[in-house]
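Colleague: Structure file run.cif, mmCIF, C-alpha atoms and all ligand atoms, is pasted below:
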```cif
data_upload
loop_
_atom_site.label_atom_id
_atom_site.label_comp_id
_atom_site.auth_asym_id
_atom_site.auth_seq_id
_atom_site.Cartn_x
_atom_site.Cartn_y
_atom_site.Cartn_z
CA MET N 1 53.94 153.09 163.69
CA GLN N 2 53.27 154.54 160.25
CA LYS N 3 50.02 154.97 158.37
CA LEU N 4 50.33 153.45 154.90
CA LEU N 5 47.91 154.25 152.09
CA VAL N 6 48.08 151.25 149.73
CA THR N 7 46.44 151.80 146.34
CA GLY N 8 45.33 148.65 144.52
CA GLY N 9 45.44 146.71 147.80
CA ALA N 10 42.55 144.44 146.73
CA GLY N 11 44.56 143.14 143.76
CA PHE N 12 47.08 140.32 143.62
CA ILE N 13 50.36 141.89 144.72
CA GLY N 14 48.75 144.70 146.73
CA SER N 15 46.77 142.27 148.92
CA ASN N 16 49.87 140.13 149.51
CA PHE N 17 51.73 143.32 150.51
CA VAL N 18 48.97 144.39 152.91
CA ARG N 19 49.04 140.97 154.63
CA TYR N 20 52.85 141.10 154.76
CA VAL N 21 52.89 144.57 156.34
CA LEU N 22 50.29 143.64 158.95
CA ASP N 23 52.20 140.43 159.78
CA TYR N 24 55.71 141.87 160.01
CA THR N 25 55.29 145.52 161.16
CA ASN N 26 53.00 147.45 163.50
CA ASN N 27 51.95 149.86 160.73
CA HIS N 28 48.34 150.77 159.96
CA VAL N 29 47.11 150.18 156.40
CA THR N 30 44.34 151.92 154.48
CA VAL N 31 43.58 150.34 151.12
CA LEU N 32 42.27 152.58 148.32
CA ASP N 33 40.87 150.40 145.53
CA LYS N 34 38.22 150.82 142.84
CA LEU N 35 37.39 147.08 142.84
CA THR N 36 37.65 146.63 139.09
CA TYR N 37 37.27 143.09 137.69
CA ALA N 38 40.78 142.48 139.17
CA GLY N 39 40.02 143.68 142.70
CA ASN N 40 38.53 141.28 145.21
CA LEU N 41 37.53 142.07 148.79
CA ALA N 42 37.82 138.36 149.57
CA SER N 43 41.59 138.80 149.22
CA LEU N 44 41.51 141.03 152.31
CA GLU N 45 39.31 138.87 154.56
CA GLY N 46 40.38 138.24 158.15
CA LEU N 47 42.72 141.21 158.55
CA PRO N 48 42.98 142.71 162.04
CA GLU N 49 40.34 145.36 162.73
CA GLY N 50 41.86 148.53 164.15
CA ARG N 51 44.96 148.25 161.94
CA PHE N 52 43.22 148.07 158.58
CA ALA N 53 40.66 150.17 156.66
CA PHE N 54 39.22 149.91 153.16
CA VAL N 55 38.03 152.74 150.89
CA MET N 56 36.43 151.96 147.54
CA ALA N 57 37.32 154.74 145.10
CA ASP N 58 39.15 155.56 141.89
CA ILE N 59 42.75 156.80 142.17
CA ALA N 60 41.82 159.40 139.55
CA ASP N 61 39.20 160.88 141.93
CA ALA N 62 41.16 163.93 143.13
CA MET N 63 38.88 164.76 146.08
CA VAL N 64 39.02 161.33 147.70
CA VAL N 65 42.73 161.01 146.94
CA ASP N 66 43.50 164.41 148.48
CA ARG N 67 41.74 163.47 151.74
CA LEU N 68 43.35 160.02 152.04
CA VAL N 69 46.84 161.23 151.17
CA ALA N 70 46.54 164.04 153.72
CA GLU N 71 45.70 161.45 156.42
CA CYS N 72 48.58 159.02 155.72
CA ASP N 73 52.36 159.03 156.20
CA VAL N 74 53.36 156.99 153.13
CA VAL N 75 51.61 156.25 149.83
CA VAL N 76 52.43 152.84 148.31
CA HIS N 77 51.03 152.88 144.80
CA TYR N 78 50.12 149.46 143.35
CA ALA N 79 46.81 150.29 141.62
CA ALA N 80 46.95 149.74 137.87
CA GLU N 81 45.37 148.05 134.93
CA SER N 82 47.90 145.22 134.86
CA HIS N 83 47.15 142.71 132.08
CA ASN N 84 48.94 142.98 128.72
CA ASP N 85 46.31 141.00 126.79
CA ASN N 86 43.56 143.36 127.97
CA SER N 87 45.63 146.38 126.98
CA LEU N 88 45.84 145.06 123.42
CA HIS N 89 42.05 144.90 123.13
CA ASP N 90 41.02 148.03 125.08
CA PRO N 91 43.88 150.40 125.97
CA ARG N 92 41.74 153.27 127.33
CA PRO N 93 41.44 152.13 130.99
CA PHE N 94 45.24 151.75 131.04
CA LEU N 95 45.66 155.43 130.19
CA ASP N 96 43.01 156.52 132.70
CA THR N 97 44.36 154.53 135.64
CA ASN N 98 48.08 154.12 134.99
CA ILE N 99 48.70 157.67 133.72
CA VAL N 100 45.92 159.95 135.02
CA GLY N 101 45.53 157.96 138.26
CA THR N 102 49.26 158.17 139.00
CA TYR N 103 49.25 161.89 138.17
CA THR N 104 46.36 162.42 140.62
CA LEU N 105 48.23 160.63 143.40
CA ILE N 106 51.57 162.40 142.94
CA GLU N 107 49.86 165.79 142.86
CA ALA N 108 48.30 165.00 146.25
CA ALA N 109 51.58 163.62 147.63
CA ARG N 110 53.36 166.78 146.48
CA LYS N 111 50.72 169.07 148.02
CA HIS N 112 50.86 167.28 151.38
CA SER N 113 54.65 166.55 151.29
CA LYS N 114 54.13 162.80 151.71
CA ARG N 115 56.56 159.96 151.07
CA PHE N 116 55.55 158.13 147.88
CA HIS N 117 56.60 154.71 146.61
CA HIS N 118 55.69 153.86 143.02
CA ILE N 119 55.34 150.20 142.04
CA SER N 120 56.35 149.46 138.47
CA THR N 121 57.41 146.66 136.18
CA ASP N 122 60.49 145.37 134.34
CA GLU N 123 58.39 145.57 131.15
CA VAL N 124 59.25 149.26 130.83
CA TYR N 125 62.66 148.10 129.52
CA GLY N 126 61.23 146.11 126.57
CA ASP N 127 62.69 142.65 126.03
CA LEU N 128 65.99 140.78 125.64
CA GLU N 129 67.16 138.11 123.19
CA LEU N 130 67.20 134.57 124.59
CA ASP N 131 71.00 134.34 124.35
CA ASP N 132 71.78 137.89 125.53
CA PRO N 133 74.09 137.70 128.57
CA ALA N 134 72.81 141.13 129.67
CA ARG N 135 70.00 141.62 132.20
CA PHE N 136 67.98 144.77 132.92
CA THR N 137 69.60 147.26 135.31
CA GLU N 138 68.51 150.69 136.55
CA GLN N 139 70.51 152.14 133.61
CA THR N 140 68.70 150.20 130.85
CA PRO N 141 66.89 152.61 128.49
CA TYR N 142 63.09 152.52 128.49
CA ASN N 143 61.66 150.67 125.46
CA PRO N 144 58.14 149.42 126.29
CA SER N 145 56.24 147.23 123.81
CA SER N 146 52.55 147.09 124.79
CA PRO N 147 49.88 149.64 125.72
CA TYR N 148 50.18 148.30 129.31
CA SER N 149 53.96 148.65 129.56
CA SER N 150 54.01 152.02 127.80
CA THR N 151 51.50 153.44 130.31
CA LYS N 152 53.60 152.03 133.17
CA ALA N 153 56.69 153.65 131.60
CA GLY N 154 54.76 156.92 131.35
CA SER N 155 53.79 156.70 135.02
CA ASP N 156 57.44 156.10 136.03
CA LEU N 157 58.50 159.16 134.05
CA LEU N 158 55.83 161.29 135.72
CA VAL N 159 57.12 160.25 139.15
CA ARG N 160 60.73 161.01 138.12
CA ALA N 161 59.71 164.45 136.82
CA TRP N 162 57.80 165.24 140.04
CA VAL N 163 60.91 164.31 142.06
CA ARG N 164 63.15 166.56 140.01
CA SER N 165 60.82 169.52 139.41
CA PHE N 166 58.78 169.56 142.62
CA GLY N 167 60.93 167.69 145.16
CA LEU N 168 58.43 164.81 145.49
CA GLN N 169 59.75 162.41 148.17
CA ALA N 170 59.48 159.37 145.92
CA THR N 171 61.18 156.08 145.15
CA ILE N 172 60.36 153.69 142.28
CA SER N 173 60.70 149.93 142.01
CA ASN N 174 60.51 147.83 138.84
CA CYS N 175 59.83 144.16 139.53
CA SER N 176 59.72 141.03 137.40
CA ASN N 177 56.82 138.53 137.07
CA ASN N 178 55.18 137.68 140.41
CA TYR N 179 53.46 134.43 141.33
CA GLY N 180 51.73 133.19 144.47
CA PRO N 181 48.26 133.20 146.08
CA TYR N 182 45.43 135.60 145.15
CA GLN N 183 46.56 136.10 141.51
CA HIS N 184 43.71 136.57 139.03
CA VAL N 185 42.99 133.54 136.81
CA GLU N 186 43.64 135.63 133.67
CA LYS N 187 47.39 135.46 134.42
CA PHE N 188 49.62 132.66 133.10
CA ILE N 189 50.31 130.47 136.16
CA PRO N 190 46.85 130.57 137.82
CA ARG N 191 45.18 130.17 134.43
CA GLN N 192 47.03 126.92 133.78
CA ILE N 193 46.57 125.56 137.33
CA THR N 194 42.82 126.22 137.29
CA ASN N 195 42.57 124.85 133.73
CA VAL N 196 44.09 121.56 134.88
CA ILE N 197 41.72 121.48 137.89
CA ASP N 198 38.84 121.93 135.39
CA GLY N 199 40.16 119.26 133.00
CA ILE N 200 41.14 121.84 130.34
CA ARG N 201 44.57 121.55 128.67
CA PRO N 202 46.96 124.47 129.47
CA LYS N 203 47.42 127.03 126.69
CA LEU N 204 50.86 128.18 125.58
CA TYR N 205 51.14 131.31 123.44
CA GLY N 206 53.20 130.62 120.30
CA LYS N 207 56.09 128.21 120.78
CA GLY N 208 56.29 128.78 124.56
CA GLU N 209 59.91 129.92 124.34
CA ASN N 210 59.31 133.30 125.99
CA VAL N 211 61.21 133.70 129.25
CA ARG N 212 59.90 135.39 132.40
CA ASP N 213 61.94 136.05 135.57
CA TRP N 214 59.67 134.67 138.32
CA ILE N 215 59.60 136.03 141.87
CA HIS N 216 57.28 135.06 144.73
CA ALA N 217 54.88 137.87 145.75
CA ASN N 218 56.22 137.74 149.34
CA ASP N 219 59.73 138.54 148.10
CA HIS N 220 58.30 141.50 146.17
CA SER N 221 56.62 142.67 149.41
CA SER N 222 59.78 142.41 151.50
CA ALA N 223 61.70 144.32 148.83
CA VAL N 224 59.12 147.13 148.75
CA LEU N 225 59.17 147.41 152.57
CA THR N 226 62.98 147.57 152.47
CA ILE N 227 62.86 150.39 149.91
CA ILE N 228 60.26 152.32 151.92
CA GLU N 229 62.42 151.99 155.04
CA LYS N 230 65.92 152.43 153.57
CA GLY N 231 65.61 153.64 149.97
CA ILE N 232 67.17 156.92 148.82
CA ILE N 233 64.66 159.52 147.60
CA GLY N 234 64.70 159.86 143.81
CA GLU N 235 66.22 156.43 143.25
CA THR N 236 64.90 153.49 141.24
CA TYR N 237 65.45 149.89 142.43
CA LEU N 238 65.02 146.77 140.31
CA ILE N 239 63.48 143.79 142.13
CA GLY N 240 64.18 140.24 140.96
CA ALA N 241 65.09 136.83 142.36
CA ASP N 242 67.07 135.16 139.52
CA GLY N 243 64.04 133.12 138.48
CA GLU N 244 64.32 132.92 134.68
CA ARG N 245 62.22 130.11 133.10
CA ASN N 246 60.59 129.71 129.72
CA ASN N 247 56.81 129.29 129.58
CA ARG N 248 57.01 125.71 128.31
CA ASP N 249 59.09 124.64 131.32
CA VAL N 250 56.61 126.33 133.69
CA VAL N 251 53.61 124.57 132.10
CA GLU N 252 55.41 121.21 132.19
CA LEU N 253 56.28 121.72 135.87
CA ILE N 254 52.64 122.54 136.70
CA LEU N 255 51.41 119.47 134.79
CA GLU N 256 53.96 117.23 136.53
CA HIS N 257 53.00 118.52 140.01
CA MET N 258 49.32 118.01 139.16
CA GLY N 259 49.81 114.39 138.12
CA GLN N 260 49.36 114.96 134.37
CA PRO N 261 51.61 114.02 131.40
CA ARG N 262 54.18 116.79 130.87
CA GLU N 263 53.14 117.22 127.22
CA ALA N 264 49.37 117.57 127.90
CA TYR N 265 49.14 121.21 126.75
CA ASP N 266 48.11 123.07 123.56
CA HIS N 267 49.85 125.80 121.58
CA VAL N 268 47.52 128.72 120.80
CA VAL N 269 47.81 131.94 118.81
CA ASP N 270 50.65 134.16 120.03
CA ARG N 271 50.20 137.55 121.75
CA PRO N 272 50.87 140.43 119.26
CA GLY N 273 54.20 142.11 120.08
CA HIS N 274 54.92 139.40 122.67
CA ASP N 275 58.08 140.30 124.64
CA LEU N 276 60.62 137.50 124.30
CA ARG N 277 62.58 137.62 127.54
CA TYR N 278 62.80 139.58 130.79
CA ALA N 279 65.73 139.27 133.20
CA ILE N 280 66.49 141.42 136.24
CA ASP N 281 69.84 142.31 137.77
CA SER N 282 68.90 143.31 141.33
CA THR N 283 72.48 143.98 142.51
CA LYS N 284 71.71 147.58 143.53
CA LEU N 285 68.86 146.58 145.86
CA ARG N 286 70.90 143.72 147.36
CA ASP N 287 74.19 145.61 147.79
CA GLU N 288 72.93 149.05 148.78
CA LEU N 289 69.86 148.11 150.85
CA GLY N 290 70.81 144.58 151.99
CA TRP N 291 67.68 142.86 150.58
CA GLU N 292 67.68 139.13 149.78
CA PRO N 293 64.82 136.99 148.44
CA GLN N 294 63.57 134.23 150.79
CA PHE N 295 61.36 132.19 148.42
CA SER N 296 63.83 131.32 145.64
CA ASN N 297 62.84 127.64 145.33
CA PHE N 298 60.50 127.93 142.32
CA ASN N 299 59.64 124.24 142.38
CA ALA N 300 58.41 124.45 145.99
CA GLY N 301 56.71 127.79 145.31
CA ILE N 302 54.73 126.29 142.41
CA GLU N 303 53.69 123.32 144.57
CA ASP N 304 52.45 125.70 147.29
CA THR N 305 50.63 127.82 144.70
CA ILE N 306 48.90 124.76 143.20
CA ALA N 307 47.84 123.74 146.74
CA TRP N 308 46.50 127.24 147.38
CA TYR N 309 44.34 127.21 144.22
CA ARG N 310 43.09 123.69 145.03
CA ASP N 311 42.12 124.89 148.55
CA HIS N 312 40.60 128.25 147.50
CA GLU N 313 38.22 127.37 144.68
CA ASN N 314 35.60 129.70 146.23
CA TRP N 315 38.02 132.58 145.69
CA TRP N 316 38.72 132.02 141.96
CA ARG N 317 35.66 130.15 140.67
CA PRO N 318 33.48 133.30 140.14
CA GLN N 319 36.02 134.70 137.62
CA LYS N 320 36.96 131.53 135.76
CA ALA N 321 34.17 131.03 133.18
CA GLN N 322 34.10 134.61 131.93
CA THR N 323 37.91 134.79 131.78
CA GLU N 324 38.09 131.63 129.65
CA ALA N 325 35.20 132.85 127.46
CA LYS N 326 37.20 136.01 126.71
CA TYR N 327 40.31 134.00 125.85
CA THR N 328 38.29 131.67 123.59
CA GLU N 329 36.95 134.69 121.69
CA GLN N 330 40.56 135.81 121.14
CA GLY N 331 41.65 132.35 119.96
CA GLN N 332 43.77 131.91 123.09
P1 LIG N 401 45.99 143.36 139.71
O1 LIG N 401 45.38 143.60 138.38
O2 LIG N 401 45.88 142.01 140.34
O3 LIG N 401 45.41 144.42 140.77
C1 LIG N 401 45.23 145.77 140.46
C2 LIG N 401 44.36 146.39 141.55
O4 LIG N 401 44.22 147.78 141.27
C3 LIG N 401 42.94 145.81 141.63
O5 LIG N 401 42.58 145.58 142.97
C4 LIG N 401 42.07 146.89 141.01
O6 LIG N 401 40.75 146.92 141.52
C5 LIG N 401 42.85 148.16 141.40
N1 LIG N 401 42.58 149.27 140.48
C6 LIG N 401 42.63 149.25 139.13
N2 LIG N 401 42.30 150.47 138.64
C7 LIG N 401 42.07 151.27 139.72
C8 LIG N 401 41.71 152.63 139.87
N3 LIG N 401 41.52 153.43 138.82
N4 LIG N 401 41.57 153.13 141.12
C9 LIG N 401 41.76 152.33 142.20
N5 LIG N 401 42.08 151.03 142.12
C10 LIG N 401 42.24 150.50 140.89
O7 LIG N 401 47.51 143.81 139.55
P2 LIG N 401 48.84 143.18 140.20
O8 LIG N 401 49.32 142.08 139.34
O9 LIG N 401 48.61 142.97 141.63
O10 LIG N 401 49.84 144.43 139.99
C11 LIG N 401 49.91 145.45 140.97
C12 LIG N 401 50.99 146.44 140.57
O11 LIG N 401 52.24 145.78 140.45
C13 LIG N 401 50.74 147.13 139.23
O12 LIG N 401 51.15 148.46 139.33
C14 LIG N 401 51.63 146.37 138.26
O13 LIG N 401 52.02 147.19 137.18
C15 LIG N 401 52.79 146.05 139.17
N6 LIG N 401 53.58 144.85 138.81
C16 LIG N 401 52.96 143.65 138.61
C17 LIG N 401 53.73 142.52 138.36
C18 LIG N 401 53.09 141.15 138.19
O14 LIG N 401 53.78 140.18 137.92
N7 LIG N 401 51.77 141.00 138.35
C19 LIG N 401 55.12 142.62 138.28
C20 LIG N 401 55.72 143.88 138.46
C21 LIG N 401 54.94 144.99 138.74
O1 LIG N 402 57.13 141.38 134.06
C1 LIG N 402 56.18 141.93 134.93
C2 LIG N 402 54.80 141.83 134.33
O2 LIG N 402 54.41 140.46 134.44
C3 LIG N 402 53.77 142.72 135.02
O3 LIG N 402 54.12 144.06 134.80
C4 LIG N 402 52.35 142.46 134.51
O4 LIG N 402 51.42 143.21 135.25
C5 LIG N 402 52.06 140.98 134.66
O5 LIG N 402 50.79 140.68 134.11
C6 LIG N 402 53.13 140.14 133.96
O6 LIG N 402 53.08 140.34 132.53
P1 LIG N 402 53.19 139.12 131.50
O7 LIG N 402 52.54 139.53 130.24
O8 LIG N 402 54.56 138.59 131.47
O9 LIG N 402 52.27 138.04 132.33
P2 LIG N 402 51.18 136.97 131.85
O10 LIG N 402 50.82 136.19 133.08
O11 LIG N 402 50.08 137.57 131.07
O12 LIG N 402 52.01 136.02 130.87
C7 LIG N 402 53.22 135.41 131.26
C8 LIG N 402 53.81 134.69 130.04
O13 LIG N 402 52.95 133.59 129.71
C9 LIG N 402 53.85 135.55 128.81
O14 LIG N 402 55.01 135.20 128.05
C10 LIG N 402 52.58 135.19 128.03
C11 LIG N 402 52.44 133.72 128.36
N1 LIG N 402 51.07 133.16 128.41
C12 LIG N 402 50.11 133.83 129.13
C13 LIG N 402 48.85 133.32 129.26
C14 LIG N 402 47.77 134.05 130.04
C15 LIG N 402 50.80 131.94 127.81
O15 LIG N 402 51.67 131.31 127.17
N2 LIG N 402 49.55 131.42 127.95
C16 LIG N 402 48.55 132.05 128.64
O16 LIG N 402 47.44 131.51 128.73
#
```
As structure tokens - that is how I would like this structure written.
Ligand code: NAD
Ligand code: DAU

Modeller:
Amino acid sequence: MQKLLVTGGAGFIGSNFVRYVLDYTNNHVTVLDKLTYAGNLASLEGLPEGRFAFVMADIADAMVVDRLVAECDVVVHYAAESHNDNSLHDPRPFLDTNIVGTYTLIEAARKHSKRFHHISTDEVYGDLELDDPARFTEQTPYNPSSPYSSTKAGSDLLVRAWVRSFGLQATISNCSNNYGPYQHVEKFIPRQITNVIDGIRPKLYGKGENVRDWIHANDHSSAVLTIIEKGIIGETYLIGADGERNNRDVVELILEHMGQPREAYDHVVDRPGHDLRYAIDSTKLRDELGWEPQFSNFNAGIEDTIAWYRDHENWWRPQKAQTEAKYTEQGQ
């Protein structure tokens, strides 16, 4: 039994990871989360008492972080400001949390000699052309485009430097776009599903040709657990499930599954600096650590996700109106 400290565990991927760990291991989990607009305690309801604890605090609060890191065996660091559109309108929280927050955590992990796993994104590599046969690998040079992705790149580099200079016992993973339950309605797939439920037409940025490499959140969780258990200290692992789709195809699939005409969507103003395409080559993780995704049927995954949002209106309804009001202000 290990004691995991999971930062950002009240967010989308963190809460899915917490549930996954409690279901498939006998580990204890403490969540450290500030409960920003993106954190939701309702995402952690019903977890087994005795194996789960919650602490509301900022990862940049060195005193709280020092105490919690000292008490755990492994830090799994998900907490971040995560939404590109927000970073284009107000970058400051991205610097505070993604850079200073990560710095605060790795200093504590160094001091207490704790195993550290850093969760990052494929966006640190920039983007690819639509017809480029190449995909991102662990050797791809960093080339982030947005305030969000540049702060994530900065946090990765801090972790790498702490490994090399101070012997931090860390691994890093860079994953592609996640989907599944408990994702905030600001993000592409839940925004469109909940729009259709509300009788609003889905909104596609620009022409809708941008490609994302979709992976189910449970596959991300199993990959992270594999890296914590078998990963080599100092190494980076890319996580992806061969799920490339352009945004137009995703919207049409959602509309079809929800009984609407496939063309019942609107084009809206594009995101500035919008990355064209992400694509992950996860050969290293598969060959060296033996990981395989289990939820590769995107069609079925979207159907399940639609069903989840239909069944959990109480979970997302409180965020919907203000999220859409913000998008309307931005012309999106
Ligand atoms: P999210 O926005 O849904 O959740 C982030 C969580 O972090 C929230 O619970 C929030 O309250 C918490 N948080 C934010 N600032 C904090 C702070 N200063 N102190 C403590 N807690 C704080 O994000 P997500 O989509 O679940 O992403 C989680 C991680 O995975 C991030 O590091 C992100 O970069 C990475 N990632 C996300 C994706 C994706 O598709 N969403 C893909 C690859 C990597
Ligand atoms: O690649 C991993 C990244 O995926 C993570 O690091 C980020 O935390 C996560 O938010 C996600 O970033 P994206 O910017 O790709 O995700 P988002 O859901 O915001 O948008 C997905 C695509 O859909 C993108 O091309 C923009 C487009 N989009 C988005 C919204 C919200 C639309 O066309 N319409 C929309 O309404």

Colleague: Name the closest residue to Val269 of chain N among the candidates N:Glu107, N:Asp73, N:Glu329, N:Asp127; distances are taken between atoms, counting only C-alpha atoms.

Modeller: N:Glu329

Colleague: Which residues are close to Thr102 of chain N, i.e. within 12 Å by all atoms listed in the file, leaving aside same-chain residues fewer than 4 positions away? Reply as a short mmCIF file (atom, residue, chain, number, x, y, z; two decimals) with C-alpha atoms, in the frame of the given file.

Modeller:
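Just written: result-v9.cif:
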```cif
data_model
loop_
_atom_site.label_atom_id
_atom_site.label_comp_id
_atom_site.auth_asym_id
_atom_site.auth_seq_id
_atom_site.Cartn_x
_atom_site.Cartn_y
_atom_site.Cartn_z
CA THR N 7 46.44 151.80 146.34
CA GLY N 8 45.33 148.65 144.52
CA ASP N 58 39.15 155.56 141.89
CA ILE N 59 42.75 156.80 142.17
CA ALA N 60 41.82 159.40 139.55
CA ASP N 61 39.20 160.88 141.93
CA ALA N 62 41.16 163.93 143.13
CA VAL N 65 42.73 161.01 146.94
CA VAL N 75 51.61 156.25 149.83
CA VAL N 76 52.43 152.84 148.31
CA HIS N 77 51.03 152.88 144.80
CA TYR N 78 50.12 149.46 143.35
CA ALA N 79 46.81 150.29 141.62
CA ALA N 80 46.95 149.74 137.87
CA GLU N 81 45.37 148.05 134.93
CA PHE N 94 45.24 151.75 131.04
CA LEU N 95 45.66 155.43 130.19
CA ASP N 96 43.01 156.52 132.70
CA THR N 97 44.36 154.53 135.64
CA ASN N 98 48.08 154.12 134.99
CA ILE N 106 51.57 162.40 142.94
CA GLU N 107 49.86 165.79 142.86
CA ALA N 108 48.30 165.00 146.25
CA ALA N 109 51.58 163.62 147.63
CA PHE N 116 55.55 158.13 147.88
CA HIS N 117 56.60 154.71 146.61
CA HIS N 118 55.69 153.86 143.02
CA ILE N 119 55.34 150.20 142.04
CA SER N 120 56.35 149.46 138.47
CA THR N 151 51.50 153.44 130.31
CA LYS N 152 53.60 152.03 133.17
CA ALA N 153 56.69 153.65 131.60
CA GLY N 154 54.76 156.92 131.35
CA SER N 155 53.79 156.70 135.02
CA ASP N 156 57.44 156.10 136.03
CA LEU N 157 58.50 159.16 134.05
CA LEU N 158 55.83 161.29 135.72
CA VAL N 159 57.12 160.25 139.15
CA ARG N 160 60.73 161.01 138.12
CA TRP N 162 57.80 165.24 140.04
#
```

Colleague: Which residues form the shell of 9 Å around ligand LIG 402 (chain N) when you count all atoms listed in the file, given as a count of residues only?

Modeller: 57

Colleague: So how far away is atom CA of Trp315 of chain N from atom CA of Ile193 of chain N, in Å?

Modeller: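 Interatomic distance here is 13.9 Å.
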
Colleague: Could you state the separation of atom CA of Gln260 of chain N and atom CA of Phe298 of chain N in Å, given to one decimal place?

Modeller: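 Atom-to-atom, atom CA of Gln260 of chain N and atom CA of Phe298 of chain N are spaced 18.9 Å apart.
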
Colleague: Which of these, N:Asp249, N:Asp23, N:Glu313, N:Asp219, has the shortest distance to ligand LIG 401 (chain N) once you count all atoms listed in the file?

Modeller: N:Asp219

Colleague: Near Gly259 of chain N, counting only C-alpha atoms, which residues have an atom at most 12 Å away, once you skip same-chain residues fewer than 3 positions from it, shown as a compact mmCIF listing (two decimals) with C-alpha atoms, keeping the file's coordinate frame?

Modeller:
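Output (result_26.txt):
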```
# COMPACT_ATOMS: atom_id res chain seq x y z
CA ILE N 193 46.57 125.56 137.33
CA VAL N 196 44.09 121.56 134.88
CA ILE N 197 41.72 121.48 137.89
CA GLY N 199 40.16 119.26 133.00
CA GLU N 252 55.41 121.21 132.19
CA LEU N 253 56.28 121.72 135.87
CA ILE N 254 52.64 122.54 136.70
CA LEU N 255 51.41 119.47 134.79
CA GLU N 256 53.96 117.23 136.53
CA ARG N 262 54.18 116.79 130.87
CA GLU N 263 53.14 117.22 127.22
CA ALA N 264 49.37 117.57 127.90
CA GLU N 303 53.69 123.32 144.57
CA ILE N 306 48.90 124.76 143.20
```

Colleague: Could you check how far atom N2 of ligand LIG 401 (chain N) sits from atom CA of Gly240 of chain N, in Å to one decimal?

Modeller: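 These two atoms are separated by 24.3 Å.
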
Colleague: Which residue is closest to Val55 of chain N? Choose from N:Thr36, N:Ala42, N:Ile280, N:Val6 and count only C-alpha atoms.

Modeller: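 Looking at the shortest contact to Val55 of chain N, the residue is N:Val6.
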
Colleague: Counting only C-alpha atoms and all ligand atoms, which residue out of N:Asp66, N:Glu229, N:Glu324, N:Asp33 sits closest to ligand LIG 401 (chain N)?

Modeller: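 Distance minimum relative to ligand LIG 401 (chain N) lands on N:Asp33.
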
Colleague: Given 3 Å of margin on each side, can you work out the centre and size in Å (one decimal) of an axis-aligned box holding every listed atom of segment 148-167 of chain N, as AutoDock Vina command-line options?

Modeller:
```
--center_x 56.7 --center_y 158.9 --center_z 136.5 --size_x 19.0 --size_y 27.3 --size_z 23.4
```

Colleague: I'd like to know which of N:Ile228, N:Leu128, N:Ile200, N:Ala217 is closest to ligand LIG 401 (chain N), using only C-alpha atoms and all ligand atoms.

Modeller: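 Among the listed residues, the smallest separation from ligand LIG 401 (chain N) belongs to N:Ala217.
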
Colleague: Identify which of the residues N:Thr171, N:Asn16, N:Ser43, N:Thr104 lies closest to Ser221 of chain N, counting only C-alpha atoms when measuring atom-to-atom distances.

Modeller: N:Asn16
